[in-house]
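K.L.:
Provided below: my_file-v1.pdb, containing PDB, C-alpha atoms and all ligand atoms.
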ATOM      1  CA  MET A  10      13.057  47.364  -3.951  1.00  0.00           C
ATOM      2  CA  GLU A  11       9.680  45.889  -3.087  1.00  0.00           C
ATOM      3  CA  ASN A  12       9.760  42.839  -0.809  1.00  0.00           C
ATOM      4  CA  TRP A  13       8.278  40.254  -3.178  1.00  0.00           C
ATOM      5  CA  GLN A  14       7.852  37.705  -0.346  1.00  0.00           C
ATOM      6  CA  GLU A  15       5.237  39.887   1.346  1.00  0.00           C
ATOM      7  CA  ASN A  16       3.106  39.708  -1.781  1.00  0.00           C
ATOM      8  CA  LEU A  17       3.010  35.938  -1.982  1.00  0.00           C
ATOM      9  CA  LYS A  18      -0.437  34.431  -1.426  1.00  0.00           C
ATOM     10  CA  THR A  19       1.183  32.150   1.180  1.00  0.00           C
ATOM     11  CA  ALA A  20       2.828  35.031   3.098  1.00  0.00           C
ATOM     12  CA  ASP A  21       0.428  34.970   6.076  1.00  0.00           C
ATOM     13  CA  ALA A  22      -0.483  31.271   5.844  1.00  0.00           C
ATOM     14  CA  LYS A  23       0.410  28.784   8.571  1.00  0.00           C
ATOM     15  CA  LYS A  24       3.442  26.696   7.489  1.00  0.00           C
ATOM     16  CA  LEU A  25       3.472  22.986   8.319  1.00  0.00           C
ATOM     17  CA  ASN A  26       6.258  20.504   7.635  1.00  0.00           C
ATOM     18  CA  THR A  27       5.184  17.316   5.941  1.00  0.00           C
ATOM     19  CA  ILE A  28       6.428  14.493   3.712  1.00  0.00           C
ATOM     20  CA  CYS A  29       5.603  13.727   0.080  1.00  0.00           C
ATOM     21  CA  CYS A  30       3.219  10.783  -0.088  1.00  0.00           C
ATOM     22  CA  PHE A  31       4.313   9.303  -3.418  1.00  0.00           C
ATOM     23  CA  CYS A  32       7.514   7.335  -3.009  1.00  0.00           C
ATOM     24  CA  SER A  33      10.054   6.130  -0.505  1.00  0.00           C
ATOM     25  CA  CYS A  34      12.449   9.047  -1.063  1.00  0.00           C
ATOM     26  CA  GLY A  35      10.425  10.847   1.596  1.00  0.00           C
ATOM     27  CA  CYS A  36      11.053  14.350   0.292  1.00  0.00           C
ATOM     28  CA  GLY A  37      10.216  17.097   2.752  1.00  0.00           C
ATOM     29  CA  MET A  38       7.484  19.589   1.965  1.00  0.00           C
ATOM     30  CA  ILE A  39       6.083  22.740   3.452  1.00  0.00           C
ATOM     31  CA  ALA A  40       2.308  22.973   3.427  1.00  0.00           C
ATOM     32  CA  SER A  41       0.795  26.459   3.578  1.00  0.00           C
ATOM     33  CA  VAL A  42      -2.606  26.427   5.248  1.00  0.00           C
ATOM     34  CA  LYS A  43      -4.955  29.381   5.447  1.00  0.00           C
ATOM     35  CA  ASP A  44      -8.471  29.348   6.928  1.00  0.00           C
ATOM     36  CA  GLY A  45      -8.210  25.571   7.225  1.00  0.00           C
ATOM     37  CA  LYS A  46      -7.443  25.164   3.517  1.00  0.00           C
ATOM     38  CA  LEU A  47      -4.261  23.998   1.813  1.00  0.00           C
ATOM     39  CA  ILE A  48      -3.209  26.847  -0.460  1.00  0.00           C
ATOM     40  CA  GLY A  49       0.368  25.846  -1.197  1.00  0.00           C
ATOM     41  CA  LEU A  50       2.665  22.815  -1.155  1.00  0.00           C
ATOM     42  CA  GLU A  51       6.337  23.180  -1.974  1.00  0.00           C
ATOM     43  CA  GLY A  52       9.684  21.521  -1.350  1.00  0.00           C
ATOM     44  CA  ASP A  53      11.294  22.175   2.024  1.00  0.00           C
ATOM     45  CA  PRO A  54      14.691  23.844   1.440  1.00  0.00           C
ATOM     46  CA  ASN A  55      15.869  22.726   4.902  1.00  0.00           C
ATOM     47  CA  HIS A  56      15.027  19.056   4.403  1.00  0.00           C
ATOM     48  CA  PRO A  57      18.169  16.875   4.180  1.00  0.00           C
ATOM     49  CA  ILE A  58      16.720  14.567   1.491  1.00  0.00           C
ATOM     50  CA  ASN A  59      15.518  16.944  -1.211  1.00  0.00           C
ATOM     51  CA  GLN A  60      16.827  20.356  -0.088  1.00  0.00           C
ATOM     52  CA  GLY A  61      13.771  22.079  -1.532  1.00  0.00           C
ATOM     53  CA  ALA A  62      13.533  20.151  -4.807  1.00  0.00           C
ATOM     54  CA  LEU A  63      10.530  18.045  -5.841  1.00  0.00           C
ATOM     55  CA  CYS A  64      10.098  15.778  -8.842  1.00  0.00           C
ATOM     56  CA  SER A  65       7.055  16.236 -11.080  1.00  0.00           C
ATOM     57  CA  LYS A  66       4.934  13.909  -8.932  1.00  0.00           C
ATOM     58  CA  GLY A  67       5.770  15.741  -5.739  1.00  0.00           C
ATOM     59  CA  ALA A  68       5.284  19.119  -7.398  1.00  0.00           C
ATOM     60  CA  ALA A  69       1.751  18.066  -8.362  1.00  0.00           C
ATOM     61  CA  ALA A  70       0.896  16.512  -4.992  1.00  0.00           C
ATOM     62  CA  ALA A  71      -1.493  19.310  -4.027  1.00  0.00           C
ATOM     63  CA  GLU A  72      -3.831  17.979  -6.709  1.00  0.00           C
ATOM     64  CA  LEU A  73      -4.319  14.835  -4.608  1.00  0.00           C
ATOM     65  CA  HIS A  74      -5.652  17.012  -1.814  1.00  0.00           C
ATOM     66  CA  ARG A  75      -8.048  18.789  -4.156  1.00  0.00           C
ATOM     67  CA  SER A  76      -9.254  15.609  -5.907  1.00  0.00           C
ATOM     68  CA  LEU A  77     -12.965  14.936  -5.541  1.00  0.00           C
ATOM     69  CA  ASP A  78     -12.074  11.209  -5.429  1.00  0.00           C
ATOM     70  CA  ARG A  79     -10.029  11.653  -2.244  1.00  0.00           C
ATOM     71  CA  VAL A  80     -11.296   9.536   0.658  1.00  0.00           C
ATOM     72  CA  THR A  81     -11.565  11.763   3.730  1.00  0.00           C
ATOM     73  CA  GLU A  82     -13.250   9.483   6.260  1.00  0.00           C
ATOM     74  CA  PRO A  83     -13.098   5.800   7.224  1.00  0.00           C
ATOM     75  CA  LEU A  84     -15.323   3.493   5.177  1.00  0.00           C
ATOM     76  CA  TYR A  85     -16.790   0.239   6.466  1.00  0.00           C
ATOM     77  CA  ARG A  86     -18.323  -2.654   4.538  1.00  0.00           C
ATOM     78  CA  LYS A  87     -20.467  -4.918   6.676  1.00  0.00           C
ATOM     79  CA  SER A  88     -20.261  -8.669   6.171  1.00  0.00           C
ATOM     80  CA  TYR A  89     -22.140  -9.676   3.009  1.00  0.00           C
ATOM     81  CA  ALA A  90     -22.861  -6.036   2.135  1.00  0.00           C
ATOM     82  CA  ASP A  91     -22.020  -4.764  -1.344  1.00  0.00           C
ATOM     83  CA  ASN A  92     -21.459  -1.146  -0.366  1.00  0.00           C
ATOM     84  CA  TRP A  93     -19.159   0.892   1.845  1.00  0.00           C
ATOM     85  CA  GLU A  94     -20.548   3.215   4.516  1.00  0.00           C
ATOM     86  CA  PRO A  95     -18.813   6.197   6.149  1.00  0.00           C
ATOM     87  CA  VAL A  96     -18.116   5.613   9.856  1.00  0.00           C
ATOM     88  CA  SER A  97     -16.466   7.631  12.635  1.00  0.00           C
ATOM     89  CA  TRP A  98     -12.774   7.297  13.466  1.00  0.00           C
ATOM     90  CA  ASP A  99     -13.791   6.030  16.946  1.00  0.00           C
ATOM     91  CA  PHE A 100     -15.814   3.236  15.368  1.00  0.00           C
ATOM     92  CA  ALA A 101     -13.070   2.320  12.872  1.00  0.00           C
ATOM     93  CA  LEU A 102     -10.208   2.355  15.387  1.00  0.00           C
ATOM     94  CA  SER A 103     -12.204   0.409  17.999  1.00  0.00           C
ATOM     95  CA  LEU A 104     -13.120  -2.228  15.424  1.00  0.00           C
ATOM     96  CA  ILE A 105      -9.506  -2.569  14.243  1.00  0.00           C
ATOM     97  CA  ALA A 106      -8.271  -2.870  17.844  1.00  0.00           C
ATOM     98  CA  LYS A 107     -10.931  -5.486  18.641  1.00  0.00           C
ATOM     99  CA  LYS A 108     -10.077  -7.572  15.586  1.00  0.00           C
ATOM    100  CA  ILE A 109      -6.338  -7.403  16.260  1.00  0.00           C
ATOM    101  CA  TYR A 110      -6.942  -8.424  19.884  1.00  0.00           C
ATOM    102  CA  GLU A 111      -9.199 -11.346  18.908  1.00  0.00           C
ATOM    103  CA  THR A 112      -6.798 -12.505  16.197  1.00  0.00           C
ATOM    104  CA  ARG A 113      -3.844 -12.354  18.573  1.00  0.00           C
ATOM    105  CA  GLU A 114      -5.727 -14.303  21.233  1.00  0.00           C
ATOM    106  CA  ALA A 115      -6.735 -16.985  18.715  1.00  0.00           C
ATOM    107  CA  HIS A 116      -3.312 -17.374  17.073  1.00  0.00           C
ATOM    108  CA  TRP A 117      -0.797 -16.798  19.859  1.00  0.00           C
ATOM    109  CA  GLU A 118       1.987 -19.394  19.853  1.00  0.00           C
ATOM    110  CA  SER A 119       4.032 -19.635  23.011  1.00  0.00           C
ATOM    111  CA  HIS A 120       6.105 -22.681  21.996  1.00  0.00           C
ATOM    112  CA  GLU A 121       7.212 -24.563  18.920  1.00  0.00           C
ATOM    113  CA  SER A 122       8.298 -28.177  18.585  1.00  0.00           C
ATOM    114  CA  LEU A 123      11.692 -28.833  17.032  1.00  0.00           C
ATOM    115  CA  PRO A 124      12.182 -31.985  14.871  1.00  0.00           C
ATOM    116  CA  ASN A 125      13.834 -33.679  17.876  1.00  0.00           C
ATOM    117  CA  GLY A 126      10.697 -33.088  19.959  1.00  0.00           C
ATOM    118  CA  GLN A 127      12.206 -30.339  22.066  1.00  0.00           C
ATOM    119  CA  GLN A 128       9.853 -27.473  22.914  1.00  0.00           C
ATOM    120  CA  VAL A 129      11.251 -23.981  22.502  1.00  0.00           C
ATOM    121  CA  ALA A 130       9.633 -20.707  23.487  1.00  0.00           C
ATOM    122  CA  VAL A 131       8.715 -18.537  20.475  1.00  0.00           C
ATOM    123  CA  ASN A 132       6.038 -16.152  21.821  1.00  0.00           C
ATOM    124  CA  ARG A 133       4.710 -14.974  18.480  1.00  0.00           C
ATOM    125  CA  MET A 134       1.570 -14.330  16.499  1.00  0.00           C
ATOM    126  CA  ASP A 135       1.900 -14.504  12.736  1.00  0.00           C
ATOM    127  CA  ALA A 136      -1.770 -13.988  11.863  1.00  0.00           C
ATOM    128  CA  VAL A 137      -1.423 -10.199  11.565  1.00  0.00           C
ATOM    129  CA  ALA A 138       0.870  -8.419   9.130  1.00  0.00           C
ATOM    130  CA  PHE A 139       1.947  -4.788   9.092  1.00  0.00           C
ATOM    131  CA  PHE A 140       2.383  -2.828   5.898  1.00  0.00           C
ATOM    132  CA  GLY A 141       4.244   0.463   6.073  1.00  0.00           C
ATOM    133  CA  SER A 142       3.998   3.435   3.795  1.00  0.00           C
ATOM    134  CA  ALA A 143       6.200   6.016   2.129  1.00  0.00           C
ATOM    135  CA  VAL A 144       3.869   8.575   3.689  1.00  0.00           C
ATOM    136  CA  CYS A 145       5.249   7.707   7.123  1.00  0.00           C
ATOM    137  CA  THR A 146       8.185   9.531   8.637  1.00  0.00           C
ATOM    138  CA  ASN A 147      11.091   7.678  10.269  1.00  0.00           C
ATOM    139  CA  GLU A 148       9.498   8.323  13.659  1.00  0.00           C
ATOM    140  CA  GLU A 149       6.107   6.905  12.606  1.00  0.00           C
ATOM    141  CA  THR A 150       7.780   3.889  11.038  1.00  0.00           C
ATOM    142  CA  TYR A 151       9.736   3.313  14.247  1.00  0.00           C
ATOM    143  CA  LEU A 152       6.461   3.260  16.220  1.00  0.00           C
ATOM    144  CA  GLU A 153       4.816   0.958  13.676  1.00  0.00           C
ATOM    145  CA  LYS A 154       7.697  -1.509  13.901  1.00  0.00           C
ATOM    146  CA  LYS A 155       7.599  -1.323  17.684  1.00  0.00           C
ATOM    147  CA  LEU A 156       3.846  -2.050  17.751  1.00  0.00           C
ATOM    148  CA  ALA A 157       4.259  -4.977  15.357  1.00  0.00           C
ATOM    149  CA  LEU A 158       6.953  -6.546  17.515  1.00  0.00           C
ATOM    150  CA  LEU A 159       4.972  -5.935  20.704  1.00  0.00           C
ATOM    151  CA  LEU A 160       2.046  -7.801  19.164  1.00  0.00           C
ATOM    152  CA  GLY A 161       4.417 -10.613  18.273  1.00  0.00           C
ATOM    153  CA  THR A 162       4.301 -10.648  14.479  1.00  0.00           C
ATOM    154  CA  SER A 163       7.378 -10.853  12.324  1.00  0.00           C
ATOM    155  CA  TYR A 164       5.444 -10.044   9.144  1.00  0.00           C
ATOM    156  CA  ILE A 165       6.432  -6.446   8.590  1.00  0.00           C
ATOM    157  CA  GLU A 166       6.647  -5.152   5.042  1.00  0.00           C
ATOM    158  CA  HIS A 167       6.913  -1.759   3.450  1.00  0.00           C
ATOM    159  CA  GLN A 168       5.581  -0.150   0.323  1.00  0.00           C
ATOM    160  CA  ALA A 169       9.033   1.116  -0.585  1.00  0.00           C
ATOM    161  CA  ARG A 170      10.362  -2.452  -0.978  1.00  0.00           C
ATOM    162  CA  LEU A 171       7.804  -3.439  -3.606  1.00  0.00           C
TER     163      LEU A 171
HETATM  164  S1  LIG B   1       8.958  14.482  -4.620  1.00  0.00           S
HETATM  165 FE1  LIG B   1       9.236  12.797  -6.072  1.00  0.00          FE
HETATM  166  S2  LIG B   1      11.137  11.783  -5.395  1.00  0.00           S
HETATM  167 FE2  LIG B   1      10.405  13.056  -3.677  1.00  0.00          FE
HETATM  168  S3  LIG B   1       9.167  11.637  -2.406  1.00  0.00           S
HETATM  169 FE3  LIG B   1       7.793  12.717  -3.845  1.00  0.00          FE
HETATM  170  S4  LIG B   1       7.629  11.339  -5.594  1.00  0.00           S
HETATM  171 FE4  LIG B   1       9.410  10.698  -4.420  1.00  0.00          FE
END
How does the structure come out when it is put into structure tokens?
Ligand code: SF4
P.N.:
Amino acid sequence: MENWQENLKTADAKKLNTICCFCSCGCGMIASVKDGKLIGLEGDPNHPINQGALCSKGAAAAELHRSLDRVTEPLYRKSYADNWEPVSWDFALSLIAKKIYETREAHWESHESLPNGQQVAVNRMDAVAFFGSAVCTNEETYLEKKLALLLGTSYIEHQARL
């Protein structure tokens, strides 16, 4: 009997493990990439959450990748400008880091006064909030939480809780 798997269009494609981007279930997917292009996206049979299954949204997720509306580079809107301009990742990440640093410096609270006048150490900065995503894996979310706490903010929310 002919080996049908050899005839699949994804047979010689590179297989990459990824996560569905739609909801907080975090179903595992296998992306088949050939010549730098995504040619297949299917449920990962070895993933403990979905064991290969995908709902209709996950099954259609490859369409997001192919959408002409998909944003593929950082966009920046200058103050008072009415349009967004494409910028490099270096520019975007440096700007974000600079703004987080400046905000932390301006809003750092080392102590708080209790109603009885006692000063207690709090060491926090509540002027920056973190917002997680169902696209993130457990490991990425762990790092995000760690970064948020290192910066001193307790405002950490997640898309999946909305
Ligand atoms: S496949 Fe469906 S259930 Fe699974 S993460 Fe995607 S949207 Fe959620």
K.L.:
Using all atoms listed in the file, determine which residues lie at most 7 Å from stretch 93-98 of chain A, disregarding the query and same-chain residues fewer than 4 positions distant; provide the list as a list in words.
P.N.:
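Close residues of stretch 93-98 of chain A: Glu82, Pro83, Leu84, Tyr85, Arg86 and Leu102 of chain A.
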K.L.:
Give me the box for ligand LIG 1 (chain B) as AutoDock Vina command-line options, namely the centre and edge lengths in Å to one decimal of a box along x, y and z that holds every listed atom plus 6 Å on each side.
P.N.:
--center_x 9.4 --center_y 12.6 --center_z -4.2 --size_x 15.5 --size_y 15.8 --size_z 15.7
K.L.:
Which residues form the shell of 8 Å around ligand LIG 1 (chain B) when you count only C-alpha atoms and all ligand atoms, given as an mmCIF file with C-alpha atoms, keeping the file's coordinate frame?
P.N.:
data_model
loop_
_atom_site.group_PDB
_atom_site.id
_atom_site.type_symbol
_atom_site.label_atom_id
_atom_site.label_comp_id
_atom_site.auth_asym_id
_atom_site.auth_seq_id
_atom_site.Cartn_x
_atom_site.Cartn_y
_atom_site.Cartn_z
ATOM 1 C CA ILE A 28 6.428 14.493 3.712
ATOM 2 C CA CYS A 29 5.603 13.727 0.080
ATOM 3 C CA CYS A 30 3.219 10.783 -0.088
ATOM 4 C CA PHE A 31 4.313 9.303 -3.418
ATOM 5 C CA CYS A 32 7.514 7.335 -3.009
ATOM 6 C CA SER A 33 10.054 6.130 -0.505
ATOM 7 C CA CYS A 34 12.449 9.047 -1.063
ATOM 8 C CA GLY A 35 10.425 10.847 1.596
ATOM 9 C CA CYS A 36 11.053 14.350 0.292
ATOM 10 C CA GLY A 37 10.216 17.097 2.752
ATOM 11 C CA GLY A 52 9.684 21.521 -1.350
ATOM 12 C CA ASN A 59 15.518 16.944 -1.211
ATOM 13 C CA ALA A 62 13.533 20.151 -4.807
ATOM 14 C CA LEU A 63 10.530 18.045 -5.841
ATOM 15 C CA CYS A 64 10.098 15.778 -8.842
ATOM 16 C CA SER A 65 7.055 16.236 -11.080
ATOM 17 C CA LYS A 66 4.934 13.909 -8.932
ATOM 18 C CA GLY A 67 5.770 15.741 -5.739
ATOM 19 C CA ALA A 68 5.284 19.119 -7.398
ATOM 20 C CA ALA A 70 0.896 16.512 -4.992
ATOM 21 C CA ALA A 143 6.200 6.016 2.129
#
K.L.:
Check which residues satisfy the PyMOL selection byres (((chain A and resi 109-115) around 8) and not hetatm) in the file shown, then give them as a PyMOL selection string.
P.N.:
chain A and resi 105-108+116-117+134+136-137+160
K.L.:
Restrict the selected residues to C-alpha atoms and save them as a compact mmCIF listing (two decimals), in the frame of the given file.
P.N.:
# COMPACT_ATOMS: atom_id res chain seq x y z
CA ILE A 105 -9.51 -2.57 14.24
CA ALA A 106 -8.27 -2.87 17.84
CA LYS A 107 -10.93 -5.49 18.64
CA LYS A 108 -10.08 -7.57 15.59
CA HIS A 116 -3.31 -17.37 17.07
CA TRP A 117 -0.80 -16.80 19.86
CA MET A 134 1.57 -14.33 16.50
CA ALA A 136 -1.77 -13.99 11.86
CA VAL A 137 -1.42 -10.20 11.56
CA LEU A 160 2.05 -7.80 19.16
K.L.:
Using the chain letters and numbering of this document, enumerate as a ChimeraX atom specification the residues selected by the PyMOL selection byres (((chain A and resi 131) around 12) and not hetatm).
P.N.:
/A:117-123,128-130,132-135,161-163
K.L.:
Those residues you just picked out, can you put them in a file as a compact mmCIF listing (two decimals), keeping the file's coordinate frame with C-alpha atoms?
P.N.:
# COMPACT_ATOMS: atom_id res chain seq x y z
CA TRP A 117 -0.80 -16.80 19.86
CA GLU A 118 1.99 -19.39 19.85
CA SER A 119 4.03 -19.64 23.01
CA HIS A 120 6.10 -22.68 22.00
CA GLU A 121 7.21 -24.56 18.92
CA SER A 122 8.30 -28.18 18.58
CA LEU A 123 11.69 -28.83 17.03
CA GLN A 128 9.85 -27.47 22.91
CA VAL A 129 11.25 -23.98 22.50
CA ALA A 130 9.63 -20.71 23.49
CA ASN A 132 6.04 -16.15 21.82
CA ARG A 133 4.71 -14.97 18.48
CA MET A 134 1.57 -14.33 16.50
CA ASP A 135 1.90 -14.50 12.74
CA GLY A 161 4.42 -10.61 18.27
CA THR A 162 4.30 -10.65 14.48
CA SER A 163 7.38 -10.85 12.32
K.L.:
How far is it from atom CA of A:Leu152 to atom CA of A:Ala101, in Å with one decimal?
P.N.:
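These atoms are spaced 19.8 Å apart.
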K.L.:
What is the atom CA of A:Ser41 to atom CA of A:Ala71 distance in Å?
P.N.:
10.7 Å
K.L.:
Give me, please, the distance in Å between atom CA of A:Thr150 and atom CA of A:Lys43, quoted to one decimal.
P.N.:
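Straight-line distance from atom CA of A:Thr150 to atom CA of A:Lys43 works out to 29.0 Å.
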K.L.:
Please determine the residues with any atom at most 9 Å from (5.0, -9.1, 6.1) (coordinates as given in the file, with all atoms listed in the file counting) and report them as a list in words.
P.N.:
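The residues near that point, listed by chain and number, are Val137, Ala138, Phe139, Phe140, Thr162, Ser163, Tyr164, Ile165, Glu166 and His167 of chain A.
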K.L.:
Ranking A:Val42, A:Glu153, A:Asn26, A:Glu148 by minimum distance to A:Asn55 and counting all atoms listed in the file, which one comes first?
P.N.:
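Smallest distance to A:Asn55 is found for A:Asn26.
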K.L.:
As a check of understanding, name the residues that the PyMOL selection byres (((chain A and resi 25) around 10) and not hetatm) selects in the supplied structure, as a list in words.
P.N.:
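Output of the PyMOL selection byres (((chain A and resi 25) around 10) and not hetatm): Ala22, Lys23, Lys24, Asn26, Thr27, Met38, Ile39, Ala40, Ser41, Val42 and Leu50 of chain A.
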K.L.:
Write the residues you've just listed into a file as an mmCIF file, keeping the file's coordinate frame, and include C-alpha atoms for each of them.
P.N.:
data_model
loop_
_atom_site.group_PDB
_atom_site.id
_atom_site.type_symbol
_atom_site.label_atom_id
_atom_site.label_comp_id
_atom_site.auth_asym_id
_atom_site.auth_seq_id
_atom_site.Cartn_x
_atom_site.Cartn_y
_atom_site.Cartn_z
ATOM 1 C CA ALA A 22 -0.483 31.271 5.844
ATOM 2 C CA LYS A 23 0.410 28.784 8.571
ATOM 3 C CA LYS A 24 3.442 26.696 7.489
ATOM 4 C CA ASN A 26 6.258 20.504 7.635
ATOM 5 C CA THR A 27 5.184 17.316 5.941
ATOM 6 C CA MET A 38 7.484 19.589 1.965
ATOM 7 C CA ILE A 39 6.083 22.740 3.452
ATOM 8 C CA ALA A 40 2.308 22.973 3.427
ATOM 9 C CA SER A 41 0.795 26.459 3.578
ATOM 10 C CA VAL A 42 -2.606 26.427 5.248
ATOM 11 C CA LEU A 50 2.665 22.815 -1.155
#
